[in-house]
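Engineer: Before anything else, here's the structure in question.
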Amino acid sequence: SNPSPATDGGCGNEGFVYYKTNKGYKLTFCLGADNGRMKKGYNVCINGNCKPASCENSSVTDRDGNIYSTILIGGQCWMAENLKTKTTPSGVCINTLNAPPCPAASSADNGKGRSCYGNVEANCDTYGALYTWDAAMNGSTTQGAQGICPDGWHVPTYMEQYWLLYYYTIPQSFINCTLVDPTDMWFGSYHGCSPAGTALRIGGSGFNLKLSGYRGEEGTTFANIGESGSFWSSLQHPRVSSNAPGIEVYADNTVIRWVYNKLDSRPLRCIKD
């Protein structure tokens, strides 16, 4: 059963979640006490193979040697920082397709797959890099693809982003933060996910979403640093293939789930397989 609120075992107010991933069908749930192989707290089953939810390691390293801290939220293991890699899983530079070393950010990145806000590499160190959707996905259109994430990690699915908001949204406000029909043209604008925006930002949950801004679809104009922070999902819009959805948090901690032109450059937050 799923009592509400489900406060046993350190669980939040949520029930279970079940959805399809690139590895198969995934069930995430919380137990109030140990039960055989399943342990008190969050557990994850993929295609019937079940184990306690865990990040296993407190950090993950990308192909460039950048180290990112990790955090377990609602049974999902997320990077606690935005990705900033310059290279693809095959080991070539995202922007030049040459072997590393990859050049630092500059105006030569205009219109290309990876950029740093204002074309300043130091901004990637602080805020993470900005990627077009195609670059983030490394050319794939399959939801849950690895994209440019480290091995064993992937670009979050629409449902994984939904669960992240669901975990931090109190029951009284969740009616305004419901799962949006992915066939909807714009996915709707939802500002009622309280207090998810606060939790996802610096000083909230440890997710540490920064107000990193974005680069516009024309590939040259940067905007909204210090005003909003977003990150891609791996779902291509089912009716408008030039768009893809994501989550965006504003300085006042409101949250929207929106769709963006895939030529926009936005942050990427990877999630563990």
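Numbering starts fresh at 1 for the residues of each chain in the structure tokens, the chains themselves are lettered A, B, ... in the order given, and ligands are numbered from 1 as they appear.
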Can you list every residue in stretch 70-163 of chain A that DSSP puts in alpha helix (DSSP H), as number ranges by chain?

Structural biologist: A: 121-127, 133-136, 158-163

Engineer: Kindly provide the residues of stretch 126-163 of chain A that approach stretch 223-240 of chain A to within 6 Å, each paired with its closest atom pair and their distance in Å to one decimal, based on only C-alpha atoms, listed by chain and increasing number, as CSV.

Structural biologist:
residue,atom,partner,partner_atom,distance
A:Gln143,CA,A:Ser234,CA,4.8
A:Gly144,CA,A:Ser234,CA,5.8
A:Val155,CA,A:Ser234,CA,5.5
A:Pro156,CA,A:Ser233,CA,5.1
A:Thr157,CA,A:Ser234,CA,5.2
A:Tyr158,CA,A:Ser233,CA,5.7

Engineer: Those same residues, written as an mmCIF file, in the first residue's frame with N, CA, C and O atoms?

Structural biologist:
data_model
loop_
_atom_site.group_PDB
_atom_site.id
_atom_site.type_symbol
_atom_site.label_atom_id
_atom_site.label_comp_id
_atom_site.auth_asym_id
_atom_site.auth_seq_id
_atom_site.Cartn_x
_atom_site.Cartn_y
_atom_site.Cartn_z
ATOM 1 N N GLN A 143 15.283 8.808 -26.009
ATOM 2 C CA GLN A 143 15.141 9.285 -24.645
ATOM 3 C C GLN A 143 15.932 8.386 -23.694
ATOM 4 O O GLN A 143 15.882 7.163 -23.783
ATOM 5 N N GLY A 144 16.694 9.007 -22.791
ATOM 6 C CA GLY A 144 17.522 8.253 -21.860
ATOM 7 C C GLY A 144 18.885 7.899 -22.412
ATOM 8 O O GLY A 144 19.628 7.136 -21.789
ATOM 9 N N VAL A 155 21.482 11.421 -20.069
ATOM 10 C CA VAL A 155 20.680 12.646 -20.068
ATOM 11 C C VAL A 155 19.312 12.297 -19.482
ATOM 12 O O VAL A 155 18.692 11.334 -19.906
ATOM 13 N N PRO A 156 18.831 13.039 -18.474
ATOM 14 C CA PRO A 156 17.605 12.635 -17.785
ATOM 15 C C PRO A 156 16.390 12.570 -18.700
ATOM 16 O O PRO A 156 16.242 13.385 -19.622
ATOM 17 N N THR A 157 15.536 11.605 -18.425
ATOM 18 C CA THR A 157 14.289 11.491 -19.167
ATOM 19 C C THR A 157 13.274 12.498 -18.635
ATOM 20 O O THR A 157 13.448 13.100 -17.570
ATOM 21 N N TYR A 158 12.200 12.636 -19.377
ATOM 22 C CA TYR A 158 11.112 13.520 -18.955
ATOM 23 C C TYR A 158 10.558 13.076 -17.604
ATOM 24 O O TYR A 158 10.300 13.885 -16.719
#

Engineer: Pick out the residues sitting within 10 Å of A:Asn49, and hand them over as a PyMOL selection string; count only C-alpha atoms, and ignore anything fewer than 3 positions along from it in its own chain.

Structural biologist: chain A and resi 26-27+44-46

Engineer: What is the distance, in Å and to one decimal place, between atom CA of A:Gly65 and atom CA of A:Ser265?

Structural biologist: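 These atoms are spaced 22.5 Å apart.
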
Engineer: Would you return as an NGL selection string the members of stretch 40-119 of chain A that DSSP assigns to strand (DSSP E) on this structure's backbone?

Structural biologist: :A and (41-46 or 49-52 or 59-61 or 67-73 or 76-79 or 114-115)

Engineer: I need the chosen residues saved as a PDB file, in the first residue's frame, with N, CA and C atoms.

Structural biologist:
ATOM      1  N   GLY A  41      14.124   2.518   3.352  1.00  0.00           N
ATOM      2  CA  GLY A  41      14.423   3.662   2.513  1.00  0.00           C
ATOM      3  C   GLY A  41      14.144   3.365   1.055  1.00  0.00           C
ATOM      4  N   TYR A  42      14.846   4.039   0.147  1.00  0.00           N
ATOM      5  CA  TYR A  42      14.559   3.910  -1.280  1.00  0.00           C
ATOM      6  C   TYR A  42      15.217   2.689  -1.898  1.00  0.00           C
ATOM      7  N   ASN A  43      14.448   2.047  -2.786  1.00  0.00           N
ATOM      8  CA  ASN A  43      14.912   0.895  -3.545  1.00  0.00           C
ATOM      9  C   ASN A  43      14.543   1.096  -5.009  1.00  0.00           C
ATOM     10  N   VAL A  44      15.334   0.491  -5.892  1.00  0.00           N
ATOM     11  CA  VAL A  44      15.123   0.639  -7.324  1.00  0.00           C
ATOM     12  C   VAL A  44      15.121  -0.736  -7.975  1.00  0.00           C
ATOM     13  N   CYS A  45      14.132  -0.983  -8.826  1.00  0.00           N
ATOM     14  CA  CYS A  45      14.068  -2.219  -9.610  1.00  0.00           C
ATOM     15  C   CYS A  45      14.072  -1.863 -11.091  1.00  0.00           C
ATOM     16  N   ILE A  46      14.958  -2.497 -11.865  1.00  0.00           N
ATOM     17  CA  ILE A  46      14.978  -2.344 -13.317  1.00  0.00           C
ATOM     18  C   ILE A  46      14.833  -3.726 -13.926  1.00  0.00           C
ATOM     19  N   ASN A  49      15.179  -6.594 -11.494  1.00  0.00           N
ATOM     20  CA  ASN A  49      16.403  -6.664 -10.694  1.00  0.00           C
ATOM     21  C   ASN A  49      16.408  -5.505  -9.704  1.00  0.00           C
ATOM     22  N   CYS A  50      16.308  -5.837  -8.424  1.00  0.00           N
ATOM     23  CA  CYS A  50      16.089  -4.820  -7.402  1.00  0.00           C
ATOM     24  C   CYS A  50      17.289  -4.678  -6.478  1.00  0.00           C
ATOM     25  N   LYS A  51      17.519  -3.452  -6.024  1.00  0.00           N
ATOM     26  CA  LYS A  51      18.578  -3.195  -5.058  1.00  0.00           C
ATOM     27  C   LYS A  51      18.303  -1.863  -4.371  1.00  0.00           C
ATOM     28  N   PRO A  52      18.880  -1.647  -3.187  1.00  0.00           N
ATOM     29  CA  PRO A  52      18.722  -0.351  -2.530  1.00  0.00           C
ATOM     30  C   PRO A  52      19.290   0.769  -3.399  1.00  0.00           C
ATOM     31  N   SER A  59      31.325  10.911  -5.987  1.00  0.00           N
ATOM     32  CA  SER A  59      31.691  11.771  -7.105  1.00  0.00           C
ATOM     33  C   SER A  59      31.785  10.944  -8.380  1.00  0.00           C
ATOM     34  N   VAL A  60      31.796  11.631  -9.511  1.00  0.00           N
ATOM     35  CA  VAL A  60      31.973  10.999 -10.821  1.00  0.00           C
ATOM     36  C   VAL A  60      32.896  11.904 -11.631  1.00  0.00           C
ATOM     37  N   THR A  61      33.730  11.292 -12.468  1.00  0.00           N
ATOM     38  CA  THR A  61      34.721  12.028 -13.254  1.00  0.00           C
ATOM     39  C   THR A  61      34.401  11.912 -14.737  1.00  0.00           C
ATOM     40  N   ILE A  67      35.780  16.568 -11.967  1.00  0.00           N
ATOM     41  CA  ILE A  67      35.154  15.753 -10.928  1.00  0.00           C
ATOM     42  C   ILE A  67      33.888  16.454 -10.442  1.00  0.00           C
ATOM     43  N   TYR A  68      32.789  15.708 -10.392  1.00  0.00           N
ATOM     44  CA  TYR A  68      31.500  16.245  -9.988  1.00  0.00           C
ATOM     45  C   TYR A  68      30.999  15.491  -8.757  1.00  0.00           C
ATOM     46  N   SER A  69      30.510  16.223  -7.771  1.00  0.00           N
ATOM     47  CA  SER A  69      29.888  15.561  -6.631  1.00  0.00           C
ATOM     48  C   SER A  69      28.533  14.997  -7.053  1.00  0.00           C
ATOM     49  N   THR A  70      28.039  14.015  -6.310  1.00  0.00           N
ATOM     50  CA  THR A  70      26.757  13.375  -6.607  1.00  0.00           C
ATOM     51  C   THR A  70      25.831  13.497  -5.409  1.00  0.00           C
ATOM     52  N   ILE A  71      24.529  13.320  -5.671  1.00  0.00           N
ATOM     53  CA  ILE A  71      23.552  13.389  -4.593  1.00  0.00           C
ATOM     54  C   ILE A  71      22.386  12.458  -4.904  1.00  0.00           C
ATOM     55  N   LEU A  72      21.927  11.736  -3.891  1.00  0.00           N
ATOM     56  CA  LEU A  72      20.786  10.832  -4.032  1.00  0.00           C
ATOM     57  C   LEU A  72      19.522  11.580  -3.629  1.00  0.00           C
ATOM     58  N   ILE A  73      18.576  11.688  -4.555  1.00  0.00           N
ATOM     59  CA  ILE A  73      17.319  12.391  -4.308  1.00  0.00           C
ATOM     60  C   ILE A  73      16.170  11.493  -4.739  1.00  0.00           C
ATOM     61  N   GLN A  76      17.007   8.550  -6.871  1.00  0.00           N
ATOM     62  CA  GLN A  76      17.744   8.813  -8.104  1.00  0.00           C
ATOM     63  C   GLN A  76      19.086   9.447  -7.755  1.00  0.00           C
ATOM     64  N   CYS A  77      20.137   9.011  -8.439  1.00  0.00           N
ATOM     65  CA  CYS A  77      21.465   9.572  -8.220  1.00  0.00           C
ATOM     66  C   CYS A  77      21.757  10.603  -9.303  1.00  0.00           C
ATOM     67  N   TRP A  78      21.875  11.854  -8.894  1.00  0.00           N
ATOM     68  CA  TRP A  78      22.122  12.965  -9.803  1.00  0.00           C
ATOM     69  C   TRP A  78      23.527  13.526  -9.603  1.00  0.00           C
ATOM     70  N   MET A  79      24.080  14.115 -10.661  1.00  0.00           N
ATOM     71  CA  MET A  79      25.216  15.004 -10.478  1.00  0.00           C
ATOM     72  C   MET A  79      24.733  16.212  -9.692  1.00  0.00           C
ATOM     73  N   ARG A 114      28.962  23.384 -27.847  1.00  0.00           N
ATOM     74  CA  ARG A 114      29.317  23.713 -26.465  1.00  0.00           C
ATOM     75  C   ARG A 114      29.756  25.175 -26.382  1.00  0.00           C
ATOM     76  N   SER A 115      29.292  25.853 -25.353  1.00  0.00           N
ATOM     77  CA  SER A 115      29.746  27.220 -25.125  1.00  0.00           C
ATOM     78  C   SER A 115      29.794  27.480 -23.628  1.00  0.00           C
TER      79      SER A 115
END

Engineer: At what distance in Å, to one decimal, does atom CA of A:Trp163 lie from atom CA of A:Val17?

Structural biologist: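 Here the two named atoms are 7.5 Å from each other.
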
Engineer: What is the atom CA of A:Glu160-atom CA of A:Lys86 distance in Å, reported with one decimal?

Structural biologist: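 Those two atoms sit 24.8 Å apart.
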
Engineer: Identify, on the basis of only C-alpha atoms, every residue whose closest approach to A:Met137 does not exceed 9 Å; exclude the query and any residue fewer than 6 positions from it along the same chain; express the result as a list in words.

Structural biologist: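 Once the adjacent positions are removed, what remains is Ala145, Gln146, Gly147, Ile148, Cys149, His154, Val155 and Ser234 of chain A.
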
Engineer: For the residues in the current selection, export N, CA and C atoms as a JSON list (two decimals), in the first residue's frame.

Structural biologist:
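Listing of part-v4.json after writing:
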[["chain", "number", "residue", "atom", "x", "y", "z"],
["A", 145, "ALA", "N", 19.26, 8.47, -23.56],
["A", 145, "ALA", "CA", 20.57, 8.19, -24.15],
["A", 145, "ALA", "C", 21.70, 8.72, -23.26],
["A", 146, "GLN", "N", 22.87, 8.12, -23.39],
["A", 146, "GLN", "CA", 24.03, 8.59, -22.63],
["A", 146, "GLN", "C", 24.38, 10.02, -23.00],
["A", 147, "GLY", "N", 24.23, 10.37, -24.26],
["A", 147, "GLY", "CA", 24.64, 11.68, -24.70],
["A", 147, "GLY", "C", 26.12, 11.89, -24.42],
["A", 148, "ILE", "N", 26.48, 13.05, -23.88],
["A", 148, "ILE", "CA", 27.88, 13.33, -23.55],
["A", 148, "ILE", "C", 28.17, 13.12, -22.07],
["A", 149, "CYS", "N", 27.25, 12.45, -21.37],
["A", 149, "CYS", "CA", 27.46, 12.16, -19.95],
["A", 149, "CYS", "C", 28.55, 11.11, -19.78],
["A", 154, "HIS", "N", 23.41, 9.20, -17.89],
["A", 154, "HIS", "CA", 22.67, 9.56, -19.11],
["A", 154, "HIS", "C", 21.97, 10.90, -18.94],
["A", 155, "VAL", "N", 21.48, 11.42, -20.07],
["A", 155, "VAL", "CA", 20.68, 12.65, -20.07],
["A", 155, "VAL", "C", 19.31, 12.30, -19.48],
["A", 234, "SER", "N", 16.01, 14.49, -22.09],
["A", 234, "SER", "CA", 16.38, 13.78, -23.32],
["A", 234, "SER", "C", 15.18, 13.49, -24.21]]

Engineer: Between A:Gly213, A:Gly91, A:Gly219, A:Gly24, which is the closest to A:Ala129 once you count only C-alpha atoms?

Structural biologist: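 Among A:Gly213, A:Gly91, A:Gly219, A:Gly24, it is A:Gly213 that comes nearest to A:Ala129.
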